[in-house]
Every structure is written in C-alpha cells, then in structure tokens.
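A.B. asks: coords-v4.csv (CSV, C-alpha atoms and all ligand atoms) pasted underneath:
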```csv
chain,number,residue,atom,x,y,z
S,271,MET,CA,46.0,-75.8,87.1
S,272,GLU,CA,43.6,-76.7,84.4
S,273,SER,CA,44.2,-80.5,84.5
S,274,LYS,CA,46.2,-83.1,86.4
S,275,THR,CA,48.7,-83.3,83.5
S,276,LYS,CA,51.3,-80.6,83.8
S,277,LYS,CA,51.0,-77.9,81.0
S,278,THR,CA,54.1,-76.6,79.4
S,279,ILE,CA,55.0,-72.9,79.0
S,280,LEU,CA,57.7,-71.7,76.6
S,281,ILE,CA,59.2,-68.6,78.2
S,282,THR,CA,61.5,-66.8,75.7
S,283,GLY,CA,64.0,-64.5,77.3
S,284,GLY,CA,63.8,-66.7,80.4
S,285,ALA,CA,67.3,-65.9,81.5
S,286,GLY,CA,66.4,-62.2,81.7
S,287,PHE,CA,64.9,-60.1,84.5
S,288,ILE,CA,61.2,-60.6,83.8
S,289,GLY,CA,61.5,-64.0,82.1
S,290,SER,CA,63.4,-65.6,85.1
S,291,ASN,CA,60.9,-64.3,87.5
S,292,LEU,CA,58.1,-65.8,85.4
S,293,THR,CA,60.0,-69.1,85.2
S,294,GLU,CA,60.3,-69.2,89.0
S,295,PHE,CA,56.6,-68.4,89.5
S,296,PHE,CA,55.3,-70.9,87.0
S,297,LEU,CA,57.5,-73.8,88.1
S,298,GLU,CA,56.3,-73.2,91.6
S,299,SER,CA,52.7,-73.1,90.3
S,300,GLY,CA,53.1,-76.6,88.8
S,301,TYR,CA,53.8,-76.0,85.2
S,302,LYS,CA,56.7,-77.3,83.1
S,303,VAL,CA,58.8,-74.5,81.7
S,304,VAL,CA,61.0,-74.4,78.6
S,305,CYS,CA,63.3,-71.4,78.4
S,306,LEU,CA,64.7,-70.1,75.1
S,307,ASP,CA,67.5,-67.6,75.5
S,308,ASN,CA,70.7,-66.6,73.8
S,309,PHE,CA,72.1,-64.9,76.9
S,310,SER,CA,72.7,-61.6,75.1
S,311,THR,CA,71.4,-59.6,78.0
S,312,GLY,CA,70.2,-62.4,80.3
S,313,HIS,CA,72.4,-64.4,82.8
S,314,ARG,CA,72.9,-68.0,83.7
S,315,HIS,CA,72.9,-67.1,87.4
S,316,ASN,CA,69.2,-66.1,86.9
S,317,LEU,CA,68.5,-69.8,86.1
S,318,LYS,CA,70.8,-71.5,88.6
S,319,ASP,CA,67.9,-72.5,90.9
S,320,PHE,CA,66.0,-74.3,88.2
S,321,LEU,CA,68.7,-76.2,86.3
S,322,ASP,CA,68.2,-79.3,88.3
S,323,ASN,CA,64.4,-79.1,88.3
S,324,PRO,CA,63.0,-81.9,86.0
S,325,ASP,CA,60.2,-79.6,85.0
S,326,PHE,CA,62.6,-77.1,83.6
S,327,LYS,CA,64.4,-77.2,80.2
S,328,LEU,CA,66.9,-74.7,78.9
S,329,ILE,CA,67.3,-74.3,75.1
S,330,GLU,CA,70.2,-72.0,74.3
S,331,GLY,CA,69.2,-70.5,71.0
S,332,ASP,CA,68.2,-67.3,69.2
S,333,ILE,CA,64.8,-66.1,68.2
S,334,ARG,CA,66.3,-64.8,65.0
S,335,ASN,CA,66.6,-68.4,64.0
S,336,LEU,CA,63.3,-70.0,63.1
S,337,ALA,CA,64.6,-73.5,63.7
S,338,ASP,CA,65.4,-72.6,67.3
S,339,CYS,CA,61.9,-71.2,67.7
S,340,ASN,CA,60.2,-74.3,66.3
S,341,LEU,CA,62.3,-76.6,68.5
S,342,ALA,CA,61.5,-74.5,71.6
S,343,VAL,CA,57.8,-74.3,71.0
S,344,ALA,CA,57.3,-78.0,70.0
S,345,GLU,CA,55.9,-79.1,73.4
S,346,ALA,CA,54.4,-75.8,74.6
S,347,ASP,CA,50.8,-75.3,75.5
S,348,TYR,CA,51.4,-71.6,76.0
S,349,VAL,CA,54.1,-69.0,75.1
S,350,LEU,CA,55.1,-66.1,77.2
S,351,HIS,CA,57.3,-64.2,74.8
S,352,GLN,CA,59.8,-61.9,76.7
S,353,ALA,CA,62.9,-62.1,74.5
S,354,ALA,CA,63.8,-58.8,73.0
S,355,LEU,CA,66.5,-56.1,73.1
S,356,GLY,CA,65.2,-53.6,75.6
S,357,SER,CA,66.3,-50.0,76.1
S,358,VAL,CA,65.6,-46.9,74.0
S,359,PRO,CA,69.2,-45.7,73.9
S,360,ARG,CA,70.4,-49.1,72.7
S,361,SER,CA,67.9,-48.9,69.8
S,362,ILE,CA,69.1,-45.4,68.9
S,363,LYS,CA,72.7,-46.7,68.8
S,364,ASP,CA,71.9,-49.9,66.9
S,365,PRO,CA,68.5,-49.8,65.3
S,366,ILE,CA,69.3,-52.7,63.0
S,367,THR,CA,70.0,-55.3,65.7
S,368,THR,CA,67.1,-54.1,67.7
S,369,ASN,CA,64.8,-54.5,64.7
S,370,GLU,CA,66.2,-58.0,63.8
S,371,VAL,CA,65.6,-59.3,67.4
S,372,ASN,CA,62.4,-57.4,68.2
S,373,VAL,CA,60.6,-57.6,64.9
S,374,SER,CA,62.1,-60.5,62.9
S,375,GLY,CA,62.6,-62.6,66.0
S,376,PHE,CA,59.0,-61.8,67.1
S,377,LEU,CA,57.6,-62.8,63.7
S,378,ASN,CA,59.6,-66.1,63.9
S,379,MET,CA,58.1,-66.8,67.4
S,380,LEU,CA,54.6,-66.0,66.2
S,381,THR,CA,55.0,-68.3,63.2
S,382,ALA,CA,56.4,-71.1,65.3
S,383,ALA,CA,53.6,-70.7,67.8
S,384,ARG,CA,51.0,-70.8,65.1
S,385,ASP,CA,52.5,-73.9,63.5
S,386,ALA,CA,52.7,-75.6,66.9
S,387,LYS,CA,49.1,-74.7,67.6
S,388,VAL,CA,49.8,-73.3,71.0
S,389,LYS,CA,46.7,-72.3,73.1
S,390,ARG,CA,47.8,-68.8,73.6
S,391,PHE,CA,50.7,-66.4,72.8
S,392,VAL,CA,51.2,-63.8,75.5
S,393,TYR,CA,53.9,-61.2,74.7
S,394,ALA,CA,55.8,-58.3,76.3
S,395,ALA,CA,54.6,-55.1,74.6
S,396,SER,CA,55.7,-51.7,75.9
S,397,SER,CA,54.4,-48.4,77.2
S,398,SER,CA,56.8,-46.8,74.7
S,399,THR,CA,54.0,-47.5,72.1
S,400,TYR,CA,52.2,-44.4,73.6
S,401,GLY,CA,55.0,-42.3,72.0
S,402,ASP,CA,54.2,-38.7,71.7
S,403,SER,CA,50.6,-38.9,72.8
S,404,GLN,CA,50.1,-36.3,75.6
S,405,GLY,CA,47.0,-37.5,77.5
S,406,LEU,CA,47.3,-39.0,80.9
S,407,PRO,CA,46.4,-41.6,82.0
S,408,LYS,CA,47.3,-43.7,78.9
S,409,VAL,CA,44.4,-45.8,77.7
S,410,GLU,CA,45.0,-48.7,75.4
S,411,ASP,CA,43.3,-47.4,72.2
S,412,VAL,CA,44.9,-43.9,72.2
S,413,ILE,CA,48.5,-44.0,71.1
S,414,GLY,CA,50.8,-41.5,69.5
S,415,LYS,CA,53.8,-41.6,67.1
S,416,PRO,CA,56.7,-43.7,68.3
S,417,LEU,CA,59.7,-41.7,69.7
S,418,SER,CA,62.5,-44.3,69.1
S,419,PRO,CA,63.4,-47.3,67.0
S,420,TYR,CA,62.6,-49.5,70.1
S,421,ALA,CA,59.1,-48.1,70.3
S,422,ILE,CA,58.6,-48.8,66.6
S,423,THR,CA,59.5,-52.5,67.1
S,424,LYS,CA,57.2,-52.9,70.1
S,425,TYR,CA,54.3,-51.3,68.1
S,426,VAL,CA,55.0,-53.5,65.1
S,427,ASN,CA,54.7,-56.5,67.5
S,428,GLU,CA,51.2,-55.5,68.3
S,429,LEU,CA,50.3,-55.1,64.6
S,430,TYR,CA,51.7,-58.6,63.8
S,431,ALA,CA,49.9,-60.2,66.8
S,432,GLU,CA,46.6,-58.7,65.6
S,433,ILE,CA,47.1,-59.9,62.1
S,434,PHE,CA,48.0,-63.4,63.3
S,435,SER,CA,44.9,-63.5,65.5
S,436,LYS,CA,42.7,-62.4,62.6
S,437,THR,CA,44.4,-64.4,59.8
S,438,TYR,CA,45.3,-67.6,61.5
S,439,GLY,CA,43.2,-67.7,64.6
S,440,LEU,CA,46.2,-67.6,67.0
S,441,GLU,CA,45.1,-66.3,70.4
S,442,THR,CA,47.4,-63.5,71.4
S,443,ILE,CA,47.5,-61.0,74.3
S,444,GLY,CA,50.0,-58.1,74.5
S,445,LEU,CA,51.1,-56.7,77.8
S,446,ARG,CA,52.3,-53.1,77.6
S,447,TYR,CA,54.7,-53.1,80.5
S,448,PHE,CA,55.4,-49.8,82.2
S,449,ASN,CA,58.9,-49.4,83.8
S,450,VAL,CA,59.1,-52.8,85.5
S,451,PHE,CA,61.5,-53.3,88.5
S,452,GLY,CA,62.3,-55.9,91.1
S,453,ARG,CA,64.6,-58.7,92.1
S,454,LYS,CA,67.0,-60.0,89.4
S,455,GLN,CA,66.9,-56.8,87.3
S,456,ASP,CA,70.4,-56.2,86.0
S,457,PRO,CA,72.1,-53.2,87.6
S,458,ASN,CA,75.1,-53.4,85.3
S,459,GLY,CA,76.0,-52.2,81.8
S,460,ALA,CA,75.3,-49.1,79.7
S,461,TYR,CA,71.7,-49.9,79.3
S,462,ALA,CA,70.8,-50.7,82.9
S,463,ALA,CA,67.3,-49.6,84.1
S,464,VAL,CA,67.2,-46.7,86.5
S,465,ILE,CA,66.1,-48.5,89.7
S,466,PRO,CA,68.8,-51.2,89.8
S,467,LYS,CA,71.4,-48.8,88.6
S,468,PHE,CA,70.6,-46.3,91.3
S,469,VAL,CA,70.4,-48.9,94.0
S,470,LYS,CA,73.9,-50.2,93.1
S,471,GLN,CA,75.3,-46.7,93.0
S,472,PHE,CA,73.8,-45.7,96.3
S,473,MET,CA,75.2,-49.0,97.8
S,474,SER,CA,78.7,-47.9,96.6
S,475,HIS,CA,78.1,-44.3,97.9
S,476,GLU,CA,78.3,-43.1,94.3
S,477,SER,CA,76.1,-40.2,93.2
S,478,PRO,CA,73.5,-41.3,90.6
S,479,VAL,CA,72.8,-39.0,87.6
S,480,ILE,CA,69.2,-38.0,87.0
S,481,ASN,CA,68.5,-37.1,83.4
S,482,GLY,CA,66.7,-33.7,83.6
S,483,ASP,CA,65.4,-32.0,86.8
S,484,GLY,CA,63.9,-35.1,88.3
S,485,ASN,CA,60.3,-34.1,87.7
S,486,TYR,CA,59.7,-36.6,84.9
S,487,SER,CA,57.4,-39.2,86.2
S,488,ARG,CA,56.8,-42.9,85.6
S,489,ASP,CA,54.3,-45.6,86.5
S,490,PHE,CA,56.9,-47.8,88.2
S,491,THR,CA,55.6,-51.4,88.2
S,492,TYR,CA,56.8,-54.1,90.6
S,493,ILE,CA,57.6,-57.5,89.1
S,494,ASP,CA,54.9,-59.3,91.1
S,495,ASN,CA,52.2,-57.2,89.5
S,496,VAL,CA,53.7,-58.2,86.1
S,497,ILE,CA,53.7,-61.9,87.0
S,498,GLN,CA,50.0,-61.6,88.0
S,499,MET,CA,49.2,-60.1,84.6
S,500,ASN,CA,51.0,-62.8,82.7
S,501,GLU,CA,49.1,-65.5,84.7
S,502,LEU,CA,45.8,-63.8,84.1
S,503,ALA,CA,46.5,-63.3,80.4
S,504,MET,CA,47.6,-66.9,79.9
S,505,THR,CA,44.7,-68.5,81.7
S,506,SER,CA,41.8,-66.1,81.2
S,507,GLN,CA,38.7,-67.9,80.0
S,508,ASN,CA,37.0,-64.6,79.0
S,509,PRO,CA,36.6,-64.9,75.2
S,510,GLU,CA,36.3,-61.1,75.0
S,511,ALA,CA,39.7,-60.7,76.6
S,512,VAL,CA,41.9,-62.3,74.0
S,513,ASN,CA,43.4,-60.8,70.9
S,514,SER,CA,44.0,-57.5,72.6
S,515,VAL,CA,46.6,-55.4,74.5
S,516,TYR,CA,46.6,-54.4,78.1
S,517,ASN,CA,48.5,-51.8,80.2
S,518,THR,CA,50.6,-53.6,82.8
S,519,ALA,CA,51.3,-51.1,85.5
S,520,PHE,CA,50.3,-50.2,89.0
S,521,GLY,CA,48.3,-47.2,87.9
S,522,ASP,CA,50.1,-44.4,89.8
S,523,ARG,CA,53.0,-42.2,88.9
S,524,ASN,CA,56.0,-41.0,90.9
S,525,THR,CA,58.8,-38.6,89.8
S,526,LEU,CA,62.4,-39.5,89.7
S,527,ASN,CA,62.9,-37.3,92.7
S,528,ASP,CA,60.3,-39.3,94.6
S,529,LEU,CA,62.1,-42.5,93.5
S,530,VAL,CA,65.4,-41.3,94.8
S,531,LYS,CA,63.9,-40.2,98.1
S,532,TYR,CA,62.4,-43.6,98.7
S,533,LEU,CA,65.5,-45.4,97.6
S,534,LYS,CA,67.7,-43.4,100.1
S,535,GLU,CA,65.2,-44.0,102.9
S,536,TYR,CA,65.0,-47.7,102.4
S,537,LEU,CA,68.7,-48.3,101.7
S,538,SER,CA,69.6,-46.2,104.8
S,539,ASP,CA,68.0,-48.9,107.0
S,540,PHE,CA,71.0,-51.1,105.9
S,541,ASP,CA,73.6,-48.4,105.7
S,542,PRO,CA,72.9,-45.0,107.3
S,543,LYS,CA,75.7,-43.3,105.3
S,544,ILE,CA,73.5,-43.6,102.2
S,545,LYS,CA,71.4,-40.7,103.5
S,546,ASP,CA,74.3,-38.4,102.7
S,547,VAL,CA,74.9,-39.5,99.1
S,548,SER,CA,73.7,-36.7,96.8
S,549,VAL,CA,72.4,-37.0,93.3
S,550,ILE,CA,73.6,-35.2,90.1
S,551,TYR,CA,71.2,-33.6,87.6
S,552,GLY,CA,72.1,-34.0,83.9
S,553,GLU,CA,70.6,-33.4,80.5
S,554,ASN,CA,67.2,-34.9,79.5
S,555,ARG,CA,67.7,-38.0,77.3
S,556,VAL,CA,66.6,-38.2,73.6
S,557,GLY,CA,63.4,-40.3,73.2
S,558,ASP,CA,62.3,-40.0,76.8
S,559,ILE,CA,58.7,-39.0,77.4
S,560,PRO,CA,58.1,-36.5,80.3
S,561,HIS,CA,55.3,-38.4,82.0
S,562,SER,CA,53.9,-41.9,82.0
S,563,LEU,CA,50.8,-43.1,83.8
S,564,ALA,CA,48.6,-46.1,82.9
S,565,SER,CA,44.9,-46.6,83.1
S,566,ILE,CA,44.6,-50.1,84.4
S,567,ASP,CA,40.8,-50.2,84.0
S,568,LYS,CA,40.8,-52.5,80.9
S,569,ALA,CA,43.0,-55.1,82.7
S,570,LYS,CA,40.8,-54.9,85.8
S,571,ASN,CA,37.6,-55.3,83.8
S,572,MET,CA,38.6,-57.9,81.3
S,573,LEU,CA,41.1,-59.9,83.2
S,574,GLY,CA,40.4,-59.3,86.9
S,575,TYR,CA,43.8,-57.7,87.4
S,576,ASP,CA,44.4,-56.5,91.0
S,577,PRO,CA,48.0,-55.3,91.5
S,578,LYS,CA,49.2,-55.7,95.0
S,579,TYR,CA,52.4,-53.6,95.0
S,580,SER,CA,52.8,-49.9,94.8
S,581,LEU,CA,56.2,-48.3,94.0
S,582,GLN,CA,56.9,-48.0,97.7
S,583,GLU,CA,55.9,-51.6,98.6
S,584,GLY,CA,57.8,-53.0,95.7
S,585,LEU,CA,60.9,-50.9,96.4
S,586,LYS,CA,61.1,-52.2,100.0
S,587,GLU,CA,61.1,-55.8,98.6
S,588,ALA,CA,63.5,-55.0,95.8
S,589,VAL,CA,66.0,-53.0,98.0
S,590,GLY,CA,66.1,-55.9,100.5
S,591,TRP,CA,66.8,-58.4,97.7
S,592,TYR,CA,69.6,-56.2,96.2
S,593,TRP,CA,71.2,-55.7,99.6
S,594,LYS,CA,71.4,-59.5,100.1
S,595,ASN,CA,72.4,-60.3,96.5
S,596,LEU,CA,74.7,-57.4,95.5
S,597,LYS,CA,76.7,-57.1,98.7
D,1,LIG,N1,61.8,-54.1,82.1
D,1,LIG,C1,61.0,-53.2,81.6
D,1,LIG,O1,60.7,-52.2,82.3
D,1,LIG,C2,60.2,-53.4,80.3
D,1,LIG,C3,59.3,-52.4,79.9
D,1,LIG,C4,58.6,-52.6,78.7
D,1,LIG,C5,58.8,-53.8,78.0
D,1,LIG,N2,59.7,-54.7,78.4
D,1,LIG,C6,59.9,-55.9,77.6
D,1,LIG,O2,59.9,-57.0,78.5
D,1,LIG,C7,60.7,-58.0,77.9
D,1,LIG,C8,61.7,-58.5,79.0
D,1,LIG,O3,62.5,-57.4,79.4
D,1,LIG,P1,63.5,-57.5,80.6
D,1,LIG,O4,63.5,-56.2,81.3
D,1,LIG,O5,63.3,-58.8,81.3
D,1,LIG,O6,64.9,-57.6,79.8
D,1,LIG,P2,66.2,-58.6,79.9
D,1,LIG,O7,67.2,-58.0,79.0
D,1,LIG,O8,66.5,-58.8,81.3
D,1,LIG,O9,65.6,-59.9,79.2
D,1,LIG,C9,65.5,-60.1,77.9
D,1,LIG,C10,66.0,-61.6,77.7
D,1,LIG,O10,65.9,-61.9,76.2
D,1,LIG,C11,67.1,-62.5,75.9
D,1,LIG,N3,67.3,-62.3,74.4
D,1,LIG,C12,67.6,-61.2,73.8
D,1,LIG,N4,67.7,-61.3,72.5
D,1,LIG,C13,67.5,-62.6,72.2
D,1,LIG,C14,67.5,-63.4,71.1
D,1,LIG,N5,67.8,-62.9,69.9
D,1,LIG,N6,67.2,-64.8,71.2
D,1,LIG,C15,66.9,-65.3,72.4
D,1,LIG,N7,66.9,-64.6,73.6
D,1,LIG,C16,67.2,-63.3,73.5
D,1,LIG,C17,68.2,-61.9,76.7
D,1,LIG,O11,69.3,-62.7,76.8
D,1,LIG,C18,67.4,-61.8,78.0
D,1,LIG,O12,67.6,-62.9,78.8
D,1,LIG,C19,61.3,-57.4,76.7
D,1,LIG,O13,60.6,-57.8,75.6
D,1,LIG,C20,61.2,-56.0,76.9
D,1,LIG,O14,61.2,-55.2,75.7
D,1,LIG,C21,60.4,-54.5,79.6
```
Go through the file and emit its structure as structure tokens.
Ligand SMILES: NC(=O)c1ccc[n+]([C@@H]2O[C@H](COP(=O)([O-])OP(=O)(O)OC[C@H]3O[C@@H](n4cnc5c(N)ncnc54)[C@H](O)[C@@H]3O)[C@@H](O)[C@H]2O)c1

C.D. replies:
Amino acid sequence: MESKTKKTILITGGAGFIGSNLTEFFLESGYKVVCLDNFSTGHRHNLKDFLDNPDFKLIEGDIRNLADCNLAVAEADYVLHQAALGSVPRSIKDPITTNEVNVSGFLNMLTAARDAKVKRFVYAASSSTYGDSQGLPKVEDVIGKPLSPYAITKYVNELYAEIFSKTYGLETIGLRYFNVFGRKQDPNGAYAAVIPKFVKQFMSHESPVINGDGNYSRDFTYIDNVIQMNELAMTSQNPEAVNSVYNTAFGDRNTLNDLVKYLKEYLSDFDPKIKDVSVIYGENRVGDIPHSLASIDKAKNMLGYDPKYSLQEGLKEAVGWYWKNLK
C-alpha cells in the first residue's frame, strides 16, 4: 500500500469473471473497492463474499449512463475498467449494443475518470486488436485489421485512451488480455468461453464441440497472471510505463486439442468416466484467428511482469474450483 489511508479503486464490471477476481484480490490487499455493474453478464453470486465488507461498495448502474459513471468514480483513486460486452459472436449478432457498451460506455468512463482526476485508468483491452496480422508472437506495436465488431470496439478503446492521455493528461494503461480463464468464469449461455464451457460439458459427460480441427492455438492466460498485471499497471512508478498498452498473457500457446487433453486428464482425477467422453469436431467460426501467442517482453521490461501460471498449472486450479462449485 502507498500510504496508511486506504486507497479506493473503482472496478467496473466487478460482478463479472475478471472484475470479481480483481475485487477479491484488492480487498484482501487492503484497498477499498467500488464496483459498478449492470449485471448484464455478471452475477450477484460473484459478489456474495464481499457484500458485508465495509470496504466494498456496490453501485448497480450502467456505463452507458454518464451520471452512473460520475457517481461511481467520485471517490476513486484508480479505475480498473473491465465492464464491456465480450464475445466475438455476440458482437457479430448485435454490433449496435456491443458498440454502445464498449465504445460509448468506455468514453463515458474515461470522461468521468478525467473529471474526477483519478491517478490512473487501467482498462481491459484485447488480443483481438491483432486482427488479421499474421506474425507470431504478437508484439504490441504491430497490429492488423480487426476481424469483428468486438475487435473494432477494443481497438477504439486504445485510440481514445491515447487521446485522453495526450489531450487531458489522464494516465492510462491498456491490458490486452489473451484468452483469460479461471475461477468464476461463467460456463453458461450462448457466449460462454471455451474452458468453462468444456469443463461443464465434461462434468456432465457431454461431448464438447471444437470449432475446426482442434489445431488452432491460443495463449491461454490464468486469472492470477491477469491480477498481477492489473496490480503492476495500477501501481507502477515507472513514468515510461504509462500511456501505453501491454500484452497480458502467459507467453506460450496450446492447441484446442492440447487443452482438451489436459482437461480430461485433470477432471478424470475427480471422475474417471470423463476419460471416455469424446469430442466432436465442427466448422471453424467466423472471426476466429488461427493462432495467438503474445510476446510478454514489454510487460516484463516496463512493469516487471512475471506470470506464475502456465496453462497446465492454471487449469489444475480452475478444474478443482469448478469441481467444488459446479457439482
Ligand atoms: N475473458 C477474456 O478472455 C477476455 C479477453 C480479452 C478481453 N477481455 C475483456 O475483459 C473484460 C472483462 O471480461 P470478463 O471475461 O470478466 O467478462 P464478464 O462478462 O464476466 O464481465 C463483464 C462485466 O461487465 C458488466 N457489464 C456489461 N455491460 C455493462 C454496462 N453497460 N454497464 C455496467 N456493467 C456492464 C457485466 O455485467 C459483467 O459483470 C471485458 O472488457 C472484456 O472485453 C476479456
């Protein structure tokens, strides 16, 4: 902590997967946390452990409403902006709502943070900003054309953050998350992420569907690595580190077939029958890039990032959590 008085962090999207994990970590680290969420994809059960904590405050509101943003940010020293509508397929189905939340809502939050004179605005950017660029590993300053409405919104966030830094002197840091997974990630709904969806299906002995032949690869990133990046980005005293974007990943890639192999292995420790559940191969999905792998050199050099969890280490933790909490 920087001083004896507790600092306050506004975590938007605090009822969601990443936001609720950040909330838990920063409350335990001695901060006060204000959560702004409209519960569109987040859940009250993600907040149940904090509701009685005097250092926690929930504001049920919408980032599309500037007054809600101003209210939420009023006492904040820092903002960790996570609220957005995730999912490429959702954005293809409904680009207008995705844009309203992810672009107009983001601009509201930036404006509110500027007016409240917060110390720093750290926000969830996305690996989707690499779009159709072919090179691996992805380095921050080489991006391609976006491949979905969602990717456009996340790139526009970066452009706005840069302009707010230059024009108004607001300190910003964007974290380009790469396929984050871990405890509290929602396994339900049409837009569920692959890991919790597959875990739930394996647990019910249902065959998961892999889009394509399973050789697409991703830099799967465990939530604790993401928490570390948020803390470093929020507290870094390196003046060269601010007003920039960082890959937030482990820095290794695994195919979907690898992922399924590990999931079956770890889940079979709880239920041996899961070994016999097969997978189904379907069509590739529109807007999906074949491979994704981050260079994490910039985060290491500028912020001192040192991710502790590989896919396998993270999966063991996550699978144990799902077994306890979904059964
Ligand atoms: N999970 C990933 O792999 C991943 C990868 C890249 C980027 N991101 C970004 O990280 C952030 C958090 O993602 P997540 O996986 O935790 O998703 P999530 O859906 O679990 O969390 C998003 C939260 O934002 C809230 N929200 C949505 N619209 C809102 C609005 N209009 N006003 C207030 N709150 C609103 C939702 O209710 C939810 O609690 C998002 O910005 C997402 O785009 C996530």

A.B. asks: Take the point (62.3, -39.1, 92.1) in the file's coordinates, draw a sphere of radius 9 Å around it, and report as a PyMOL selection string every protein, DNA or RNA residue with an atom inside or on it, counting only C-alpha atoms.

C.D. replies: chain S and resi 480+484-487+524-533

A.B. asks: Let me see if you get this right: every residue at most 6 Å from ligand LIG 1 (chain D), counting only C-alpha atoms and all ligand atoms, written as JSON, numbers by chain.

C.D. replies: {"S": [283, 284, 285, 286, 287, 288, 289, 306, 307, 308, 309, 310, 311, 312, 331, 332, 333, 334, 352, 353, 354, 355, 356, 371, 394, 395, 396, 447, 448, 449, 450]}

A.B. asks: Measuring between only C-alpha atoms, which one of S:Lys570, S:Arg555, S:Lys389, S:His561 shows the shortest distance to Leu406 in chain S?

C.D. replies: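 Counting only C-alpha atoms, the residue closest to Leu406 in chain S is S:His561.
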
A.B. asks: CA of Leu321 in chain S and CA of Ala337 in chain S, how far apart in Å?

C.D. replies: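 Going from CA of Ala337 in chain S over to CA of Leu321 in chain S, I get 23.1 Å.
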
A.B. asks: Taking into account only C-alpha atoms, which residue in the set S:Gly584, S:Pro324, S:Gly590, S:Pro359 is nearest to Ala463 in chain S?

C.D. replies: S:Pro359

A.B. asks: Excluding same-chain residues fewer than 5 positions from range 412-422 of chain S, what lies within 7 Å of it counting all atoms listed in the file, as a list of chain:residue names?

C.D. replies: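 My list of contacting residues is S:Val358, S:Ser361, S:Ile362, S:Pro365, S:Thr368, S:Ser398, S:Thr399, S:Tyr400, S:Gly401, S:Asp402, S:Ser403, S:Gly557.
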
A.B. asks: Tell me which of S:Ser538, S:Gln404, S:Ser299, S:Gln498 sits closest to Ser562 in chain S, counting only C-alpha atoms.

C.D. replies: S:Gln404

A.B. asks: What gap, in Å, lies between CA of Thr505 in chain S and CA of Ser290 in chain S?

C.D. replies: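 These atoms are spaced 19.2 Å apart.
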
A.B. asks: For CA of Ile279 in chain S and CA of Gly375 in chain S, quote the distance in Å rounded to one decimal.

C.D. replies: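 We find that CA of Ile279 in chain S and CA of Gly375 in chain S lie 18.2 Å from each other.
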
A.B. asks: Ranking S:Ile329, S:Cys305, S:Ala342, S:Val349 by minimum distance to Thr442 in chain S and counting only C-alpha atoms, which one comes first?

C.D. replies: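 When distances to Thr442 in chain S are compared using only C-alpha atoms, the smallest one comes from S:Val349.
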
A.B. asks: Report as a PyMOL selection string all protein, DNA and RNA residues lying within 9 Å of Lys387 in chain S, evaluated on only C-alpha atoms, omitting residues in the same chain fewer than 2 positions from it.

C.D. replies: chain S and resi 346-347+382-385+389-390+440

A.B. asks: Tell me, as a ChimeraX atom specification, which residues lie within 10 Å of Ile566 in chain S, counting all atoms listed in the file; anything in the same chain fewer than 4 positions away does not count.

C.D. replies: /S:407-410,516-522,570-571,575-577

A.B. asks: Given the selection you just returned, output its residues as a file containing C-alpha atoms, formatted as an mmCIF file, keeping the file's coordinate frame.

C.D. replies:
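Everything below was put into out_25.cif:
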```cif
data_model
loop_
_atom_site.group_PDB
_atom_site.id
_atom_site.type_symbol
_atom_site.label_atom_id
_atom_site.label_comp_id
_atom_site.auth_asym_id
_atom_site.auth_seq_id
_atom_site.Cartn_x
_atom_site.Cartn_y
_atom_site.Cartn_z
ATOM 1 C CA PRO S 407 46.400 -41.600 82.000
ATOM 2 C CA LYS S 408 47.300 -43.700 78.900
ATOM 3 C CA VAL S 409 44.400 -45.800 77.700
ATOM 4 C CA GLU S 410 45.000 -48.700 75.400
ATOM 5 C CA TYR S 516 46.600 -54.400 78.100
ATOM 6 C CA ASN S 517 48.500 -51.800 80.200
ATOM 7 C CA THR S 518 50.600 -53.600 82.800
ATOM 8 C CA ALA S 519 51.300 -51.100 85.500
ATOM 9 C CA PHE S 520 50.300 -50.200 89.000
ATOM 10 C CA GLY S 521 48.300 -47.200 87.900
ATOM 11 C CA ASP S 522 50.100 -44.400 89.800
ATOM 12 C CA LYS S 570 40.800 -54.900 85.800
ATOM 13 C CA ASN S 571 37.600 -55.300 83.800
ATOM 14 C CA TYR S 575 43.800 -57.700 87.400
ATOM 15 C CA ASP S 576 44.400 -56.500 91.000
ATOM 16 C CA PRO S 577 48.000 -55.300 91.500
#
```

A.B. asks: Counting all atoms listed in the file, which residue out of S:Arg314, S:His351, S:Arg360, S:Lys276 sits closest to Val556 in chain S?

C.D. replies: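 Counting all atoms listed in the file, the residue closest to Val556 in chain S is S:Arg360.
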
A.B. asks: When distances are computed from only C-alpha atoms, which of S:Gln471, S:Ser435, S:Asn291, S:Thr423 shows the smallest separation from Ser357 in chain S?

C.D. replies: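 When distances to Ser357 in chain S are compared using only C-alpha atoms, the smallest one comes from S:Thr423.
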